[in-house]
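Read through the structure below, which is laid out as structure tokens, and then see the notes.
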Amino acid sequence: SKPSEEASEARQEFNIGWSIYAGWMPWPYAQQAGIVKKWADKYGIKINIVQVNDYVESVNQYTAGKLDGVTVANMDALTIPAAGGKDTSAIIVGDYSNGNDGVMLKGSGDLKAIKGKQVNLVELSVSHYLLARALNSVGMTMRDVKTVNTADADIVGAFATPDVQAAVAWNPQLLAMKEQPGAREVFSSADIPGEIVDLLVVDTGTIKANPKLGKALAGIWYETVALMQQQDEAGKKARAAMAKLAGATPEAFDKQLKTTYLYADPKEAVAATSSPDLVTTMTRVRDFSFSKGLFQNAESADAVGMAFPGGKTLGDPQNVTLRFDESYMQLAADGKL
Amino acid sequence: MRWVNRQVRRSDRLMLGALPILLLVVVYLLLAVSRHAENPADKILPLPGAMAESMYGLIFQPDQLSGQLIFWADTLASLQRLGLGVGISTLAAITIGLALGILPPIRATFGPLVTGIAVIPPIALLPILFIALGLGETAKVGLIVVGIAPVMIRDIAAHVGELPREQIIKAQTLGASSWQVMIRVALPQAMPRLIHAMRMALGPAWVFLISAEAIASDVGLGYRIFLVRRYLAMDVILPYVAWIALLAITMDMILSFASRRLFPWAHGVGH
Amino acid sequence: MRWVNRQVRRSDRLMLGALPILLLVVVYLLLAVSRHAENPADKILPLPGAMAESMYGLIFQPDQLSGQLIFWADTLASLQRLGLGVGISTLAAITIGLALGILPPIRATFGPLVTGIAVIPPIALLPILFIALGLGETAKVGLIVVGIAPVMIRDIAAHVGELPREQIIKAQTLGASSWQVMIRVALPQAMPRLIHAMRMALGPAWVFLISAEAIASDVGLGYRIFLVRRYLAMDVILPYVAWIALLAITMDMILSFASRRLFPWAHGVGH
Amino acid sequence: MSTLLTLRDVWVEYGDKIVIEKLDLDIAEQSFVSVVGPSGAGKSSFLRLILGQEAPTRGRIELDGTPLVPECGPDRGVVFQRYSVFPHLSVLRNTMFGLECPKAPLSGRLFGSARRAARDEAAAMLEAVGLGDSFDLYPAQMSGGMQQRLAIAQALVQRPRILLLDEPFGALDPGIRADMHALITRLWRDYSLTIVMVTHDIREAFTLGTRVLALDKRRHDPHAPHRFGATVVYDLPLDKPVDAPEDKDHSITIDENGNN
Amino acid sequence: MSTLLTLRDVWVEYGDKIVIEKLDLDIAEQSFVSVVGPSGAGKSSFLRLILGQEAPTRGRIELDGTPLVPECGPDRGVVFQRYSVFPHLSVLRNTMFGLECPKAPLSGRLFGSARRAARDEAAAMLEAVGLGDSFDLYPAQMSGGMQQRLAIAQALVQRPRILLLDEPFGALDPGIRADMHALITRLWRDYSLTIVMVTHDIREAFTLGTRVLALDKRRHDPHAPHRFGATVVYDLPLDKPVDAPEDKDHSITIDENGNN
Ligand SMILES: Nc1ncnc2c1ncn2[C@@H]1O[C@H](COP(=O)(O)OP(=O)(O)OP(=O)(O)O)[C@@H](O)[C@H]1O
Ligand SMILES: Nc1ncnc2c1ncn2[C@@H]1O[C@H](COP(=O)(O)OP(=O)(O)OP(=O)(O)O)[C@@H](O)[C@H]1O
Ligand SMILES: [Mg+2]
Ligand SMILES: [Mg+2]
């Protein structure tokens with residue numbers, strides 16, 4: 001569908017939502033460290049970085065139009081705003097989960113031992129997707145386990161009870177679960193690198209009418225990421241601040257970063273976005289989503305269209321609602337911000 | 001005629017009562033239609049057609065995986081949990097509330113504890129609740145009980161504590177022991193208030209049920225609502241909420257009717 | 001002496017009341033120690049030392065980035081929201097509840113609507129609420145109001161509806177209009193019940209506050225609890241919950257005291 | 001004197017229990033009607049009818065020739081058998097209530113000099129009923145007789161046109177009762193009130209009233225006692241001079257009228 | 001007759017208000033003590049003392065020579081001025097209450113033949129007070145006088161050793177009142193009860209009682225009326241034969257005793 005008319009006007013003030021996840025912590029840090037203001041001032045706009053404690057709610061708020069942009073995983077960008085008819089552009093491909101999501105089992109045995117077990121996870125999320133991929137990898141299907149929906153904030157507590165033998169979670173919860181005696185990670189996103197991608201998405205109409213916003217966001221992101229990659233005092237301080245914002249200790253936060261593959265270099269991000277691998281990944285993701293009924297009343301998995309750099313599309317080209325837009329990352333790579 | 005004296009006839013009452021609710025429905029429809037005019041794929045205020053379609057599947061078509069009719073399985077599971085939770089709380093309210101209200105030493109000893117438990121938001125203590133009760137049905141029923149029982153207990157205790165002292169004295173002069181004062185004077189007079197307390201607690205009970213189901217569950221009305229919230233499926237959420245409201249209002253009406261029927265003396269048989 | 005007649009002296013009351021609470025603390029400590037003996041890194045039942053350590057940082061050390069003392073900033077933010085939410089609900093309860101209780105046409109028209117709203121679990125409507133009210137303070141206060149006001153309104157309405165008919169008649173023979181019956185007969189007699197209703201509502205109010213803060217917030221007691229719950233940091237959660245309980249009990253005591261002070265006639269000045 | 005109240009073929013029923021049956025009655029203006037009758041006959045129900053608190057199940061009631069709306073205003077004053085004072089107001093505020101409401105339509109409260117005037121008037125009435133030193137007590141702190149006197153003061157301070165009294169002096173000792181008799185007679189005369197008073201004291205009924213009504217069942221079916229209601233079985237106009245001083249020791253005892 | 005109750009230097013105070021002052025009194029077994037006095041003197045407070053509902057602020061009370069615990073049992077029966085019946089029980093159940101409790105310690109309810117016996121006993125007492133056709137009414141459905149009679153039946157069916165009555169016949173018409181007088185006199189004689197009755201009817205006080213106590217303030221300070229309490233100002237033993245039939249028209253009027 002077309003982006004709505006009102007949203008296309010040029011505006012001065014924008015709200016970007018974020019929720020707590022290792023790969024998104026640069027955003028609030030940038031806000032506090034003044035990096036946001038610096039770039040916003042440069043482009044003569046105002047950007048509010050808004051924390052939403054509950055991840056799903058942040059995406060819902062974006063879908064409802066209360067936020068102009070939000071941090072989100074690729075699968076949720078597809079199933080929530082895009083499937084809901086909201087034309088969405090992913091302008092920053094920030095990282096992929098390289099172990100930040102994992103399947104946990106108690107007791108001995110490898111992944112195959114999960115057969116017949118009850119698995120606690122946030123249903124219909126990337127965890128669900130990860131579980132499906134994990135089961136695939138050992139020749140099982142979703143019918144071989146029984147899933148129990150468990151809120152992400154409570155999954156650590158749930159995993160601590162003897163009732164729960166298997167669970168899927170992401171960081172920082174995953175780390176806390178690994179610390180429990182007798183718990184082991186049997187599959188992780190490191191086994192499917194590049195499939196769980198964390199994005200910053202914005203409303204397509206808004207970004208079209210306000211390219212300044214895209215430029216400012218790209219500027220903020222790469223400056224902050226560069227800062228946190230530094231192995232000196234400044235970088236350490238930045239990471240410690242991010243840890244604090246996430247409610248974690250610096251050590252725990254560093255551990256989480258290790259399992260997050262940050263596209264710190266914009267060139268690399270552009271390459272990843274333009275690579276055909278992303279199309280493959282998104283095909284898998286949307287097939288999974290469709291099979292779970294996440295496209296609601298849609299006839300086929302093609303109902304929701306996606307556009308990739310270079311004019312490639314996936315699904316219904318008349319109904320493109322998720323666009324991977326590398327142009328702003330490209331500007332950053334070219335140093336034209 | 002002064003407004004305080006204007007009694008409303010039964011038939012008019014139904015009509016008047018329906019009015020604001022109908023109005024709300026109309027406002028909703030107008031908003032929904034205007035949003036859909038802008039964005040036909042709008043998910044936030046679905047049109048009745050979309051809701052009917054989604055619900056049709058849940059109500060009539062068995063789920064591929066489990067073979068159940070999802071809507072009815074959800075309803076049954078939730079009602080069971082709610083019934084158990086409210087039942088246990090009611091029992092606790094009438095026994096503990098009665099004892100607290102009428103026996104000063106018990107009140108002195110356990111009153112502060114009950115107040116303490118009543119004011120602790122159980123949502124905050126979920127991890128401990130999990131450890132104590134596991135993650136199964138017990139935990140869900142437990143959350144409802146921990147959530148509503150203390151409030152009910154305090155309400156009954158306060159009510160019983162306000163019985164005219166004369167009645168207690170009178171009963172004793174008629175040979176009643178403490179126990180008999182409790183079961184023959186305080187208990188029957190607490191019953192209508194107990195039903196009132198149940199009616200007041202139903203709202204919070206649903207809240208805790210839904211919270212519990214949101215946390216860890218695989219079936220239930222609250223589970224479904226929180227599951228589909230992931231893709232903002234208001235076309236399922238709204239009918240589910242309406243169904244919950246309908247169930248809750250039915251319970252409320254049954255309780256209110258039962259109270260009038262069983263305890264006529266408490267509902268102004270006089271003038 | 002029969003138990004119903006055993007009055008407890010003030011000093012004994014304090015001691016008796018503290019007893020079961022102390023007992024609970026001891027049970028907790030025993031459990032915690034035994035768990036730590038098994039697994040020294042146990043997070044679920046932290047020892048007092050760990051709690052003190054964690055809390056020390058939050059209470060006394062300013063946050064590097066914002067420069068705030070986190071604990072106090074959380075408390076202030078939560079109290080503000082709670083105060084607003086409870087305040088608005090109380091206002092609604094006394095105005096709407098009064099009108100519903102005493103004016104039959106109003107009751108007929110809006111009674112069913114209020115019941116409807118009261119029984120809808122606001123948690124189920126969270127997505128709508130946040131979309132309607134945004135992510136700011138309004139939504140949080142709104143959730144508290146939607147959550148507790150209808151129950152309070154119904155309670156006040158029921159109480160006012162049960163005033164002896166004779167009093168209403170009497171007031172009218174003394175020249176009172178409907179308005180005057182409301183403000184001079186019903187309102188003052190509803191006040192003690194209003195305070196009772198506030199005390200009963202405080203528990204749910206905290207629940208709704210915490211639920212709201214869990215979803216969209218960046219400061220507040222509930223926010224902090226949900227933030228650290230991701231790490232199962234019970235060493236922060238438990239002190240926070242205890243602090244909430246302390247705040248809530250203080251409010252409860254203040255309200256109870258105020259009621260006795262302001263409305264002595266309602267608290268058995270007689271025999 | 002003109003007719004103030006007219007009752008024509010009035011019935012009162014609760015469910016299938018008939019309480020008042022076929023009551024036909026005219027009450028003249030400025031009369032002082034005493035109502036006697038056995039306990040449970042329906043005297044209080046009769047007062048509730050005139051008060052407008054309850055509508056008759058059958059029949060019609062007219063006030064000044066127009067049908068009586070089932071609503072009562074400041075033209076009628078009442079002392080109920082129970083619940084007659086406001087528990088949340090002190091003695092003084094209870095008595096001032098009737099003076100404040102008509103004059104302060106919005107707040108229902110008076111301030112400044114108007115308040116002082118009302119206070120003085122209420123205080124004077126309280127002195128008259130012997131509650132001069134209990135201004136600040138709440139009803140729950142008073143004895144039964146004190147509450148009754150407060151209810152009387154509350155109703156009288158208003159000077160209603162029709163005053164309905166349901167056993168107003170029942171809980172009073174003879175001394176205070178005599179004072180109250182004098183007080184009510186004086187007010188009745190001075191302000192041309194019309195009074196309907198239920199009493200069990202036959203002597204009181206005859207000393208105070210200008211007319212005595214006896215309410216009772218005309219028929220009794222021992223197998224279906226609730227199938228017959230009460231009506232006026234005696235109606236005695238007393239042609240006594242209105243200005244006769246009240247006679248404490250009237251020394252008549254007419255038990256026969258009141259019951260059986 | 002031996003002394004049943006002894007009051008020595010008993011005071012009752014509410015805050016700084018003195019209600020009863022320096023009361024010294026002995027009440028003999030099987031006596032019928034009438035208590036009269038002005039409204040608000042402290043008669044009900046006096047009954048509450050003997051009942052054990054309230055403890056005196058000073059002084060001591062002895063029952064059979066042992067200090068009275070502030071607690072009342074089935075040896076004492078009471079008819080309060082208010083709240084005297086259970087609103088949630090029908091007339092019959094209200095009356096059976098006192099018969100059921102002592103016999104069924106656990107359930108407080110009787111079944112089978114025991115229940116039928118209790119029912120019959122209660123029914124007989126209700127017939128005696130004239131409530132024979134109101135067994136299934138709730139108190140709220142009854143007139144003031146009917147509630148009072150129910151309270152009397154409830155207290156009498158128990159046959160307490162000491163019976164305390166607070167204006168028990170105040171709301172009754174003369175006919176029923178005479179029946180009640182006969183009833184209470186018969187029970188008093190047959191079961192050797194000790195009765196303390198507060199009344200405002202001087203004639204009733206003298207016809208029924210074997211001793212009349214007048215409670216009143218000995219001193220009055222108009223500037224501090226609450227600084228003086230009431231005590232016994234007259235104590236008249238009546239040497240009348242216990243078996244004299246009750247005399248309806250005793251025709252004495254001793255207003256002087258009751259007040260001022
Ligand atoms: N809680 C209280 N606080 C203050 N004063 C009280 C309280 N209860 C009773 N009183 C006072 O005690 C006095 C005696 O009351 P009591 O009920 O004993 O009088 P009484 O003799 O029974 O009068 P009556 O004949 O009117 O029933 C009254 O003046 C009353 O105001
Ligand atoms: N709500 C009711 N339901 C059934 N019967 C009722 C109801 N209210 C009153 N009655 C009956 O109506 C009759 C008349 O009651 P009312 O109060 O008018 O009597 P009364 O003449 O004032 O008696 P008393 O002198 O004892 O006050 C009584 O027999 C009573 O049982
Ligand atoms: Mg009556
Ligand atoms: Mg008294």
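Residue numbering restarts at 1 in every chain; chains get A, B, ... in the order shown in the structure tokens, and ligands count up from 1 in that same order.
The part of chain C that reaches within 9 Å of chain D is made up of Pro164, Arg165, Glu166, Gln167, Ile169, Lys170, Ala171, Gln172, Thr173, Leu174, Gly175, Ala176, Ser177, Trp179, Gln180, Val181, Ile183, Arg184, Val185, Pro188, Gln189, Phe263, Pro264, Trp265, Ala266, Gly268, Val269, Gly270 and His271 of chain C, counting only C-alpha atoms.
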All in-order C-alpha pairs, least squares, chain E moved onto chain D. Output the fitted coordinates as a CSV table (one decimal) with C-alpha atoms, in the first residue's frame, please.
chain,number,residue,atom,x,y,z
E,1,MET,CA,-61.7,24.5,58.6
E,2,SER,CA,-61.0,23.4,55.1
E,3,THR,CA,-60.0,19.9,54.1
E,4,LEU,CA,-56.3,19.4,53.7
E,5,LEU,CA,-55.9,15.7,53.0
E,6,THR,CA,-58.4,13.4,51.4
E,7,LEU,CA,-57.9,9.6,51.3
E,8,ARG,CA,-60.4,7.6,49.1
E,9,ASP,CA,-60.6,3.8,49.1
E,10,VAL,CA,-56.9,3.5,50.0
E,11,TRP,CA,-55.2,0.1,50.2
E,12,VAL,CA,-51.7,-0.8,51.2
E,13,GLU,CA,-50.4,-4.3,50.5
E,14,TYR,CA,-47.1,-6.0,50.9
E,15,GLY,CA,-47.1,-9.0,48.6
E,16,ASP,CA,-50.3,-10.8,49.5
E,17,LYS,CA,-50.4,-9.3,52.9
E,18,ILE,CA,-53.0,-6.6,53.2
E,19,VAL,CA,-52.0,-4.0,55.8
E,20,ILE,CA,-54.5,-1.2,55.2
E,21,GLU,CA,-57.9,-1.8,53.7
E,22,LYS,CA,-60.4,0.6,52.1
E,23,LEU,CA,-59.4,3.7,54.1
E,24,ASP,CA,-61.7,6.7,53.5
E,25,LEU,CA,-60.7,9.8,55.4
E,26,ASP,CA,-60.6,13.6,55.4
E,27,ILE,CA,-58.2,15.5,57.5
E,28,ALA,CA,-58.9,19.1,58.1
E,29,GLU,CA,-56.4,21.9,58.1
E,30,GLN,CA,-54.9,22.8,61.5
E,31,SER,CA,-56.3,19.7,63.1
E,32,PHE,CA,-54.3,17.6,65.5
E,33,VAL,CA,-55.1,14.0,64.7
E,34,SER,CA,-54.0,11.3,67.2
E,35,VAL,CA,-53.8,7.8,65.7
E,36,VAL,CA,-53.9,4.9,68.1
E,37,GLY,CA,-54.2,1.2,67.4
E,38,PRO,CA,-52.6,-2.1,68.2
E,39,SER,CA,-49.0,-2.8,67.4
E,40,GLY,CA,-48.6,-3.9,63.8
E,41,ALA,CA,-52.0,-2.5,62.7
E,42,GLY,CA,-50.5,-0.2,60.1
E,43,LYS,CA,-50.1,3.1,61.8
E,44,SER,CA,-46.6,3.7,60.6
E,45,SER,CA,-47.7,2.6,57.1
E,46,PHE,CA,-50.5,5.1,57.3
E,47,LEU,CA,-48.0,7.9,58.1
E,48,ARG,CA,-45.8,6.8,55.2
E,49,LEU,CA,-48.8,7.2,52.9
E,50,ILE,CA,-49.5,10.8,53.9
E,51,LEU,CA,-45.8,11.5,53.8
E,52,GLY,CA,-45.6,10.4,50.2
E,53,GLN,CA,-42.9,7.9,51.0
E,54,GLU,CA,-45.0,5.1,49.7
E,55,ALA,CA,-47.8,5.2,47.2
E,56,PRO,CA,-51.0,3.2,48.0
E,57,THR,CA,-51.4,0.0,46.1
E,58,ARG,CA,-55.0,1.1,45.3
E,59,GLY,CA,-57.0,4.2,45.8
E,60,ARG,CA,-56.0,7.9,45.8
E,61,ILE,CA,-54.8,10.6,48.1
E,62,GLU,CA,-55.3,14.3,47.6
E,63,LEU,CA,-53.6,17.2,49.2
E,64,ASP,CA,-55.4,20.5,48.8
E,65,GLY,CA,-57.6,18.9,46.2
E,66,THR,CA,-54.7,17.8,43.9
E,67,PRO,CA,-53.4,14.2,43.8
E,68,LEU,CA,-50.5,13.7,46.1
E,69,VAL,CA,-47.2,13.0,44.3
E,70,PRO,CA,-45.3,10.2,46.1
E,71,GLU,CA,-42.6,12.7,47.1
E,72,CYS,CA,-42.3,14.8,50.2
E,73,GLY,CA,-41.1,18.4,50.5
E,74,PRO,CA,-40.5,20.9,53.2
E,75,ASP,CA,-44.2,21.4,53.7
E,76,ARG,CA,-44.2,18.1,55.5
E,77,GLY,CA,-42.1,17.3,58.6
E,78,VAL,CA,-41.6,13.9,60.1
E,79,VAL,CA,-40.3,12.1,63.2
E,80,PHE,CA,-39.9,8.4,62.3
E,81,GLN,CA,-39.9,5.6,64.7
E,82,ARG,CA,-36.3,4.8,63.7
E,83,TYR,CA,-33.4,6.2,61.8
E,84,SER,CA,-34.7,9.7,62.3
E,85,VAL,CA,-31.5,11.6,62.7
E,86,PHE,CA,-28.3,11.9,60.6
E,87,PRO,CA,-25.6,9.8,62.2
E,88,HIS,CA,-22.8,11.9,60.7
E,89,LEU,CA,-23.9,15.2,62.0
E,90,SER,CA,-23.6,16.6,65.5
E,91,VAL,CA,-26.7,17.5,67.5
E,92,LEU,CA,-26.5,21.2,66.5
E,93,ARG,CA,-25.8,20.4,62.8
E,94,ASN,CA,-28.6,17.9,62.7
E,95,THR,CA,-31.0,20.6,63.9
E,96,MET,CA,-29.6,23.3,61.6
E,97,PHE,CA,-30.0,21.1,58.5
E,98,GLY,CA,-33.5,22.1,57.9
E,99,LEU,CA,-32.7,25.8,58.2
E,100,GLU,CA,-29.7,25.6,55.9
E,101,CYS,CA,-31.0,23.6,53.0
E,102,PRO,CA,-33.7,25.9,51.8
E,103,LYS,CA,-31.6,29.0,52.1
E,104,ALA,CA,-28.4,27.7,50.5
E,105,PRO,CA,-29.5,25.8,47.4
E,106,LEU,CA,-26.0,25.2,46.2
E,107,SER,CA,-23.8,24.4,49.1
E,108,GLY,CA,-26.5,23.4,51.6
E,109,ARG,CA,-24.5,25.3,54.2
E,110,LEU,CA,-24.8,28.8,55.5
E,111,PHE,CA,-22.0,31.2,56.4
E,112,GLY,CA,-21.6,34.4,58.3
E,113,SER,CA,-24.5,36.1,59.8
E,114,ALA,CA,-27.1,33.8,58.2
E,115,ARG,CA,-25.3,30.9,59.8
E,116,ARG,CA,-25.3,32.6,63.2
E,117,ALA,CA,-29.0,33.2,62.9
E,118,ALA,CA,-29.7,29.6,62.0
E,119,ARG,CA,-27.4,28.5,64.8
E,120,ASP,CA,-29.3,30.6,67.3
E,121,GLU,CA,-32.6,29.3,66.1
E,122,ALA,CA,-31.5,25.7,66.3
E,123,ALA,CA,-29.9,26.3,69.7
E,124,ALA,CA,-33.2,27.7,71.0
E,125,MET,CA,-35.1,24.7,69.8
E,126,LEU,CA,-32.6,22.4,71.3
E,127,GLU,CA,-32.9,24.2,74.6
E,128,ALA,CA,-36.6,23.8,74.4
E,129,VAL,CA,-36.3,20.0,74.0
E,130,GLY,CA,-33.7,19.9,76.8
E,131,LEU,CA,-30.6,19.2,74.7
E,132,GLY,CA,-29.0,22.6,75.6
E,133,ASP,CA,-25.8,21.0,76.8
E,134,SER,CA,-25.3,18.4,74.1
E,135,PHE,CA,-24.7,20.5,71.0
E,136,ASP,CA,-21.6,18.6,69.9
E,137,LEU,CA,-22.5,15.1,70.6
E,138,TYR,CA,-23.1,12.6,67.7
E,139,PRO,CA,-26.3,10.6,67.7
E,140,ALA,CA,-24.3,7.4,68.6
E,141,GLN,CA,-23.2,9.1,71.8
E,142,MET,CA,-26.7,9.9,73.0
E,143,SER,CA,-29.3,7.9,74.9
E,144,GLY,CA,-32.4,6.7,73.2
E,145,GLY,CA,-34.5,9.5,74.6
E,146,MET,CA,-32.0,12.2,73.6
E,147,GLN,CA,-32.1,10.9,70.0
E,148,GLN,CA,-35.8,11.1,70.0
E,149,ARG,CA,-35.8,14.7,71.3
E,150,LEU,CA,-33.2,15.6,68.7
E,151,ALA,CA,-35.5,14.2,66.0
E,152,ILE,CA,-38.3,16.3,67.3
E,153,ALA,CA,-36.2,19.4,67.4
E,154,GLN,CA,-35.0,18.7,63.9
E,155,ALA,CA,-38.6,18.4,62.6
E,156,LEU,CA,-40.0,21.3,64.5
E,157,VAL,CA,-37.3,23.9,63.7
E,158,GLN,CA,-38.6,23.8,60.2
E,159,ARG,CA,-42.2,24.7,60.9
E,160,PRO,CA,-43.7,22.4,58.3
E,161,ARG,CA,-47.3,22.8,57.3
E,162,ILE,CA,-48.0,19.1,58.1
E,163,LEU,CA,-46.2,17.4,60.9
E,164,LEU,CA,-46.2,13.6,61.1
E,165,LEU,CA,-45.1,12.1,64.3
E,166,ASP,CA,-44.6,8.4,64.9
E,167,GLU,CA,-44.5,7.7,68.6
E,168,PRO,CA,-42.4,10.8,69.2
E,169,PHE,CA,-42.5,10.7,73.0
E,170,GLY,CA,-42.2,6.9,73.5
E,171,ALA,CA,-38.8,6.9,75.0
E,172,LEU,CA,-39.2,10.0,77.3
E,173,ASP,CA,-39.7,10.1,81.0
E,174,PRO,CA,-42.9,11.8,82.3
E,175,GLY,CA,-41.2,15.1,83.2
E,176,ILE,CA,-39.7,15.7,79.8
E,177,ARG,CA,-42.7,14.3,78.1
E,178,ALA,CA,-44.9,17.0,79.7
E,179,ASP,CA,-42.4,19.6,78.5
E,180,MET,CA,-42.6,18.3,75.0
E,181,HIS,CA,-46.4,18.2,75.1
E,182,ALA,CA,-46.4,21.9,76.1
E,183,LEU,CA,-43.9,22.6,73.3
E,184,ILE,CA,-45.8,20.9,70.6
E,185,THR,CA,-49.1,22.4,71.6
E,186,ARG,CA,-47.6,25.9,71.6
E,187,LEU,CA,-46.0,25.4,68.1
E,188,TRP,CA,-49.2,23.9,66.8
E,189,ARG,CA,-51.2,26.8,67.9
E,190,ASP,CA,-48.7,29.5,67.0
E,191,TYR,CA,-47.8,28.3,63.5
E,192,SER,CA,-51.2,26.7,62.6
E,193,LEU,CA,-49.7,23.4,61.9
E,194,THR,CA,-51.6,20.3,60.9
E,195,ILE,CA,-50.4,17.4,63.0
E,196,VAL,CA,-50.9,13.6,62.7
E,197,MET,CA,-49.4,11.8,65.6
E,198,VAL,CA,-49.2,8.1,66.3
E,199,THR,CA,-49.1,7.2,69.9
E,200,HIS,CA,-49.6,4.3,72.3
E,201,ASP,CA,-50.5,6.5,75.2
E,202,ILE,CA,-54.3,6.9,75.2
E,203,ARG,CA,-54.2,9.7,77.6
E,204,GLU,CA,-51.7,11.6,75.4
E,205,ALA,CA,-53.9,10.9,72.3
E,206,PHE,CA,-56.8,12.6,74.0
E,207,THR,CA,-55.0,15.5,75.7
E,208,LEU,CA,-53.2,16.6,72.7
E,209,GLY,CA,-55.5,15.7,69.8
E,210,THR,CA,-58.5,17.4,68.4
E,211,ARG,CA,-59.5,14.1,66.8
E,212,VAL,CA,-58.6,10.6,67.7
E,213,LEU,CA,-58.5,7.8,65.1
E,214,ALA,CA,-58.2,4.2,66.0
E,215,LEU,CA,-56.8,2.0,63.3
E,216,ASP,CA,-57.5,-1.7,63.6
E,217,LYS,CA,-58.7,-4.7,61.6
E,218,ARG,CA,-62.4,-4.9,61.3
E,219,ARG,CA,-62.3,-8.7,60.8
E,220,HIS,CA,-60.0,-11.4,62.0
E,221,ASP,CA,-59.6,-14.7,60.2
E,222,PRO,CA,-57.4,-16.8,62.4
E,223,HIS,CA,-56.5,-19.0,59.5
E,224,ALA,CA,-55.5,-16.2,57.2
E,225,PRO,CA,-54.7,-13.3,59.4
E,226,HIS,CA,-52.9,-11.5,56.6
E,227,ARG,CA,-55.9,-11.4,54.3
E,228,PHE,CA,-57.6,-8.6,56.2
E,229,GLY,CA,-56.2,-5.1,56.6
E,230,ALA,CA,-56.7,-2.4,59.1
E,231,THR,CA,-58.9,0.6,58.7
E,232,VAL,CA,-60.4,3.3,60.9
E,233,VAL,CA,-62.6,1.6,63.5
E,234,TYR,CA,-63.2,4.6,65.7
E,235,ASP,CA,-63.1,8.3,64.7
E,236,LEU,CA,-63.7,10.6,67.7
E,237,PRO,CA,-63.7,14.3,67.0
E,238,LEU,CA,-62.9,16.1,70.3
E,239,ASP,CA,-64.6,19.4,70.6
E,240,LYS,CA,-62.2,20.9,72.9
E,241,PRO,CA,-61.2,24.5,72.9
E,242,VAL,CA,-58.0,24.9,71.0
E,243,ASP,CA,-56.6,27.3,73.6
E,244,ALA,CA,-57.2,25.1,76.6
E,245,PRO,CA,-54.0,24.7,78.6
E,246,GLU,CA,-52.5,21.2,78.4
E,247,ASP,CA,-53.9,19.1,81.2
E,248,LYS,CA,-51.4,16.7,82.7
E,249,ASP,CA,-53.7,14.6,84.8
E,250,HIS,CA,-56.6,14.0,82.5
E,251,SER,CA,-57.2,10.7,84.3
E,252,ILE,CA,-59.1,8.9,81.6
E,253,THR,CA,-58.1,5.5,80.4
E,254,ILE,CA,-59.8,4.2,77.3
E,255,ASP,CA,-58.1,1.0,76.6
E,256,GLU,CA,-61.1,-0.3,74.7
E,257,ASN,CA,-60.4,1.9,71.8
E,258,GLY,CA,-56.8,1.0,71.2
E,259,ASN,CA,-57.0,-2.7,70.7
E,260,ASN,CA,-58.9,-5.9,70.2
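Across the model, the gap from atom CA of B:Ala216 to atom CA of A:Asn149 is 5.4 Å.
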Write down, as a VMD selection string, each residue of chain C that has any atom within 7 Å of an atom of chain B, counting only C-alpha atoms.
chain C and resid 2 to 4 6 to 8 13 16 to 17 20 to 21 102 to 105 108 to 113 116 118 to 121 123 to 124 151 165 178 200 202 to 203 206 to 207 225 241 244 to 245 248 to 249 271
Give the strand (DSSP E) residues of stretch 132-253 of chain E, as assigned by DSSP on the backbone, as a PyMOL selection string.
chain E and resi 162-166+194-198+211-217+230-237
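For the atom pair formed by atom 23 (O, counted along the ligand's line) of ligand 1 and atom CA of B:Leu163, the distance is 22.5 Å, given to one decimal.
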Would you mind listing what lies within 9 Å of A:Ser58 as a PyMOL selection string, with only C-alpha atoms counted and same-chain residues fewer than 2 positions away left out?
(chain A and resi 17-19+51-56+60-63+67+70-72) or (chain C and resi 215-216)
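The gap separating atom CA of A:Ile80 from atom CA of B:Ala41 is 12.0 Å, in Å to one decimal.
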Neighbouring residues of A:Asn319 were defined as those with any atom within 9 Å, considering only C-alpha atoms; residues of the same chain fewer than 2 positions away were excluded. Please report them as a VMD selection string.
chain A and resid 1 to 2 85 303 to 306 315 to 317 321
